[in-house]
$ cat model_21.txt   # compact mmCIF, C-alpha atoms and all ligand atoms
# COMPACT_ATOMS: atom_id res chain seq x y z
CA MET A 264 133.13 99.94 87.69
CA LEU A 265 130.11 97.98 88.89
CA ASP A 266 128.59 95.57 86.38
CA ALA A 267 125.31 93.64 86.23
CA ASP A 268 126.84 90.74 88.18
CA PHE A 269 127.60 93.10 91.07
CA PHE A 270 123.92 94.14 91.20
CA ARG A 271 122.75 90.52 91.02
CA ARG A 272 125.11 89.67 93.90
CA TRP A 273 123.70 92.66 95.84
CA MET A 274 120.14 91.39 95.50
CA THR A 275 120.97 87.75 96.30
CA ALA A 276 123.13 88.75 99.31
CA THR A 277 120.22 90.85 100.60
CA ALA A 278 117.76 87.98 100.05
CA THR A 279 120.05 85.61 102.00
CA ALA A 280 120.41 88.11 104.87
CA VAL A 281 116.63 88.70 104.98
CA ASP A 282 116.07 84.92 105.15
CA ARG A 283 118.62 84.60 107.95
CA GLU A 284 117.21 87.58 109.92
CA ALA A 285 113.49 87.18 109.15
CA GLU A 286 112.55 86.04 112.66
CA ARG A 287 114.46 88.91 114.23
CA LEU A 288 112.84 91.47 111.90
CA THR A 289 109.41 90.12 112.75
CA ALA A 290 110.25 90.15 116.47
CA LEU A 291 111.26 93.83 116.20
CA ASP A 292 107.92 94.51 114.44
CA SER A 293 106.04 92.86 117.30
CA PRO A 294 106.10 95.52 120.09
CA ILE A 295 105.74 98.53 117.75
CA GLY A 296 103.97 96.98 114.75
CA ASP A 297 102.05 93.94 113.61
CA ALA A 298 104.81 91.32 113.58
CA ASP A 299 105.04 90.82 109.83
CA HIS A 300 108.14 92.72 108.67
CA GLY A 301 110.38 89.66 108.39
CA SER A 302 107.81 87.56 106.56
CA ASN A 303 106.89 90.50 104.32
CA LEU A 304 110.46 91.00 103.17
CA GLN A 305 111.18 87.29 102.94
CA ARG A 306 108.28 86.91 100.51
CA GLY A 307 109.47 89.97 98.59
CA PHE A 308 113.11 89.03 98.21
CA THR A 309 112.26 85.43 97.36
CA ALA A 310 110.22 86.86 94.47
CA VAL A 311 113.12 89.16 93.55
CA THR A 312 115.67 86.34 93.23
CA ALA A 313 113.19 84.15 91.31
CA ALA A 314 112.40 86.97 88.85
CA LEU A 315 116.08 87.79 88.36
CA GLU A 316 116.79 84.16 87.48
CA LYS A 317 113.81 83.88 85.16
CA GLU A 318 114.12 87.19 83.29
CA ALA A 319 117.92 87.63 83.50
CA PRO A 320 117.97 91.42 83.04
CA ALA A 321 121.29 92.52 81.53
CA THR A 322 121.99 95.93 83.04
CA PRO A 323 122.29 97.36 86.60
CA GLY A 324 119.29 99.61 85.98
CA ALA A 325 117.10 96.77 84.69
CA ILE A 326 118.05 94.54 87.63
CA LEU A 327 117.02 97.14 90.21
CA THR A 328 113.80 98.16 88.44
CA LEU A 329 112.74 94.51 88.17
CA ALA A 330 113.59 93.94 91.85
CA GLY A 331 111.61 97.04 92.84
CA ARG A 332 108.59 95.92 90.81
CA GLN A 333 108.65 92.53 92.53
CA LEU A 334 108.75 94.12 95.99
CA ILE A 335 105.81 96.39 95.18
CA SER A 336 103.69 93.51 93.92
CA THR A 337 104.54 90.87 96.56
CA VAL A 338 105.22 92.61 99.91
CA GLY A 339 101.97 93.18 101.76
CA GLY A 340 103.00 95.90 104.22
CA ALA A 341 103.90 99.57 103.97
CA SER A 342 107.51 98.58 103.44
CA GLY A 343 106.80 96.99 100.02
CA PRO A 344 105.94 100.15 98.09
CA LEU A 345 108.69 102.02 99.97
CA TYR A 346 111.47 99.50 99.25
CA GLY A 347 110.05 99.01 95.76
CA THR A 348 110.23 102.74 95.11
CA LEU A 349 113.78 102.86 96.46
CA LEU A 350 115.04 100.19 94.05
CA ARG A 351 112.94 101.29 91.08
CA ARG A 352 113.97 104.93 91.31
CA THR A 353 117.61 103.96 91.85
CA GLY A 354 117.41 101.66 88.82
CA LYS A 355 115.72 104.24 86.61
CA THR A 356 118.34 106.82 87.58
CA LEU A 357 121.11 104.41 86.49
CA GLY A 358 119.50 104.20 83.03
CA ASP A 359 120.63 101.51 80.61
CA ALA A 360 124.41 101.61 81.11
CA GLY A 361 126.11 98.20 81.21
CA GLU A 362 128.43 99.33 84.01
CA VAL A 363 128.20 102.20 86.48
CA SER A 364 130.70 103.91 88.77
CA GLU A 365 130.42 103.98 92.55
CA GLU A 366 129.77 107.70 92.22
CA GLN A 367 126.84 107.05 89.86
CA LEU A 368 125.44 104.44 92.23
CA THR A 369 125.71 106.91 95.13
CA GLN A 370 123.81 109.58 93.18
CA ALA A 371 121.17 107.10 92.03
CA LEU A 372 120.65 105.76 95.56
CA ARG A 373 120.26 109.31 96.80
CA ALA A 374 117.52 109.83 94.21
CA GLY A 375 115.94 106.57 95.40
CA VAL A 376 116.00 107.61 99.06
CA ASP A 377 114.54 111.01 98.13
CA ALA A 378 111.69 109.20 96.34
CA VAL A 379 111.01 107.11 99.48
CA MET A 380 110.84 110.31 101.57
CA ALA A 381 108.48 111.90 99.02
CA LEU A 382 106.23 108.82 98.98
CA GLY A 383 106.13 108.12 102.71
CA GLY A 384 106.59 111.64 104.03
CA ALA A 385 109.22 110.56 106.56
CA ALA A 386 112.25 112.69 107.40
CA PRO A 387 115.40 111.68 109.33
CA GLY A 388 114.54 111.21 113.02
CA ASP A 389 111.01 109.87 112.40
CA LYS A 390 112.13 106.31 113.35
CA THR A 391 111.84 104.67 109.92
CA MET A 392 114.05 103.04 107.29
CA ILE A 393 115.11 106.59 106.36
CA ASP A 394 117.22 106.71 109.54
CA ALA A 395 119.46 103.97 108.17
CA LEU A 396 119.31 104.89 104.47
CA VAL A 397 120.22 108.59 104.67
CA PRO A 398 123.43 108.09 106.73
CA ALA A 399 124.36 105.16 104.48
CA VAL A 400 124.11 107.25 101.32
CA ASP A 401 125.99 110.09 103.04
CA ALA A 402 128.82 107.65 103.88
CA LEU A 403 128.96 105.90 100.49
CA GLY A 404 131.61 108.32 99.25
CA ASP A 405 133.93 106.63 101.76
CA GLY A 406 133.14 103.15 100.40
CA PHE A 407 130.70 100.30 100.93
CA ALA A 408 132.06 99.24 104.33
CA ALA A 409 131.62 102.82 105.63
CA ALA A 410 128.04 102.85 104.32
CA ARG A 411 127.33 99.53 106.04
CA ALA A 412 128.66 100.85 109.37
CA ALA A 413 126.64 104.07 109.00
CA ALA A 414 123.43 102.14 108.25
CA GLU A 415 123.93 99.83 111.25
CA GLU A 416 124.60 102.81 113.50
CA GLY A 417 121.52 104.59 112.09
CA ALA A 418 119.34 101.54 112.79
CA LEU A 419 120.60 101.30 116.40
CA ALA A 420 120.01 105.03 116.87
CA THR A 421 116.25 104.58 116.19
CA THR A 422 115.75 102.90 119.59
CA PRO A 423 115.34 106.08 121.72
CA LEU A 424 113.26 107.85 119.05
CA GLN A 425 109.48 108.28 119.04
CA ALA A 426 107.93 107.06 115.78
CA ARG A 427 106.28 109.77 113.71
CA LYS A 428 105.43 107.72 110.60
CA GLY A 429 103.95 104.31 109.90
CA ARG A 430 102.18 101.90 112.19
CA ALA A 431 104.58 102.47 115.12
CA SER A 432 103.51 106.15 115.25
CA TYR A 433 100.05 105.04 116.52
CA LEU A 434 101.81 104.08 119.78
CA GLY A 435 103.05 107.61 120.44
CA GLU A 436 105.54 107.67 123.32
CA ARG A 437 105.22 103.91 123.77
CA SER A 438 107.21 103.48 120.54
CA ILE A 439 110.28 104.78 122.42
CA GLY A 440 112.81 102.13 123.47
CA HIS A 441 112.38 99.77 120.50
CA GLN A 442 114.61 99.50 117.43
CA ASP A 443 112.76 100.16 114.16
CA PRO A 444 112.35 97.02 112.04
CA GLY A 445 112.52 98.87 108.70
CA ALA A 446 115.73 100.67 109.65
CA THR A 447 117.13 97.28 110.67
CA SER A 448 116.26 95.68 107.32
CA SER A 449 117.63 98.71 105.48
CA ALA A 450 120.96 98.05 107.19
CA LEU A 451 120.82 94.51 105.75
CA LEU A 452 120.23 95.95 102.26
CA ILE A 453 123.25 98.24 102.61
CA ALA A 454 125.36 95.41 104.06
CA GLY A 455 124.49 93.51 100.88
CA LEU A 456 126.34 96.15 98.87
CA ALA A 457 129.54 95.58 100.85
CA GLU A 458 129.11 91.82 100.52
CA ALA A 459 128.58 92.07 96.76
CA ASN A 460 131.85 93.97 96.64
CA GLY A 461 133.64 91.20 98.57
CA GLU A 462 133.94 93.26 101.77
P1 LIG B 1 103.51 97.48 107.99
O1 LIG B 1 103.87 98.62 108.90
O2 LIG B 1 102.49 97.85 106.97
O3 LIG B 1 103.19 96.23 108.73
P2 LIG B 1 106.18 96.46 107.55
O4 LIG B 1 106.04 95.84 108.90
O5 LIG B 1 106.64 95.54 106.46
O6 LIG B 1 104.85 97.19 107.12
O7 LIG B 1 107.26 97.63 107.62
C1 LIG B 1 107.34 98.50 108.71
C2 LIG B 1 108.51 99.45 108.49
O8 LIG B 1 108.24 100.30 107.39
C3 LIG B 1 108.76 100.39 109.65
O9 LIG B 1 109.62 99.79 110.60
C4 LIG B 1 109.40 101.61 109.00
O10 LIG B 1 110.81 101.52 108.97
C5 LIG B 1 108.88 101.54 107.58
N1 LIG B 1 107.90 102.60 107.32
C6 LIG B 1 106.60 102.61 107.65
N2 LIG B 1 106.02 103.76 107.24
C7 LIG B 1 107.00 104.50 106.65
C8 LIG B 1 107.05 105.79 106.01
N3 LIG B 1 105.96 106.56 105.90
N4 LIG B 1 108.24 106.20 105.50
C9 LIG B 1 109.34 105.42 105.61
N5 LIG B 1 109.35 104.21 106.18
C10 LIG B 1 108.21 103.76 106.70
MG MG B 2 104.46 95.28 110.02
$ encode --input "model_21.txt" --output "structure tokens"
Amino acid sequence: MLDADFFRRWMTATATAVDREAERLTALDSPIGDADHGSNLQRGFTAVTAALEKEAPATPGAILTLAGRQLISTVGGASGPLYGTLLRRTGKTLGDAGEVSEEQLTQALRAGVDAVMALGGAAPGDKTMIDALVPAVDALGDGFAAARAAAEEGALATTPLQARKGRASYLGERSIGHQDPGATSSALLIAGLAEANGE
């Protein structure tokens, strides 16, 4: 079973990875965006870890809904409401249980990813964070390490795609040949799950 400490470790591992990779995320957002993805997420996850320390939510669901709220209110770009919705919907789906199973987390994350697709209108293949998140959730049944590998592969596979959603879509065919920054950061979020599990 996964307890509140697991979810706290997930969020702090993601914040550390975002800090470490912020320059790279911003560099990826330079040719097909406005070069702010790394700084956007760094601001967001710094707020997440500060809020988790201050408010000390006691359940997995409360941890993720608080994290999602922080991302919505502090990340300037399109990715803030999308990541915020992902974590909030996942948290709400987990309810107020003190511990959840991996199966429950998989189902809740699927609900979260569905909410991101409903909000942003992106489908797999549109060169967005969805291209890392959907394969990750599909692989979660095989464990956190499998989900991490699937998310990384999904992020790499965005390079030859033409963007159909978000700022990169304004570039049309010129968006081809660049890895999507949001799919890349989503792979960091999923890697955080494996790290929280000691993998
Ligand atoms: P902005 O584009 O407002 O500057 P960011 O740079 O923080 O925001 O985030 C850009 C990332 O957000 C993209 O790389 C993409 O993965 C993701 N994104 C943008 N629009 C959408 C959407 N409609 N659905 C899903 N993801 C999206
Ligand atoms: Mg941007």
$ residues_near_ligand --input "model_21.txt" --ligand "ligand MG 2 (chain B)" --cutoff "9 Å" --atoms "only C-alpha atoms and all ligand atoms" --output "ChimeraX atom specification"
/A:289,292-293,295-301,303,339-342,430-431,444-445
$ closest_residue --input "model_21.txt" --among "A:Gly388, A:Gly354, A:Gly417, A:Gly429" --to "ligand LIG 1 (chain B)" --atoms "all atoms listed in the file"
A:Gly429
$ closest_residue --input "model_21.txt" --among "A:Leu382, A:Ala267, A:Gly461, A:Ser448" --to "A:Val363" --atoms "only C-alpha atoms"
A:Ala267
$ closest_residue --input "model_21.txt" --among "A:Pro344, A:Pro423, A:Pro398, A:Gly358" --to "ligand LIG 1 (chain B)" --atoms "only C-alpha atoms and all ligand atoms"
A:Pro344
$ residues_near_point --input "model_21.txt" --point "(113.3, 111.6, 113.3)" --cutoff "8 Å" --atoms "all atoms listed in the file" --output "number ranges by chain"
A: 385-391, 394, 424-427
$ atom_distance --input "model_21.txt" --atom1 "atom CA of A:Leu329" --atom2 "atom O4 of ligand LIG 1 (chain B)"
21.8 Å
$ closest_residue --input "model_21.txt" --among "A:Ala378, A:Leu304, A:Ala457, A:Ala314" --to "ligand LIG 1 (chain B)" --atoms "only C-alpha atoms and all ligand atoms"
A:Leu304
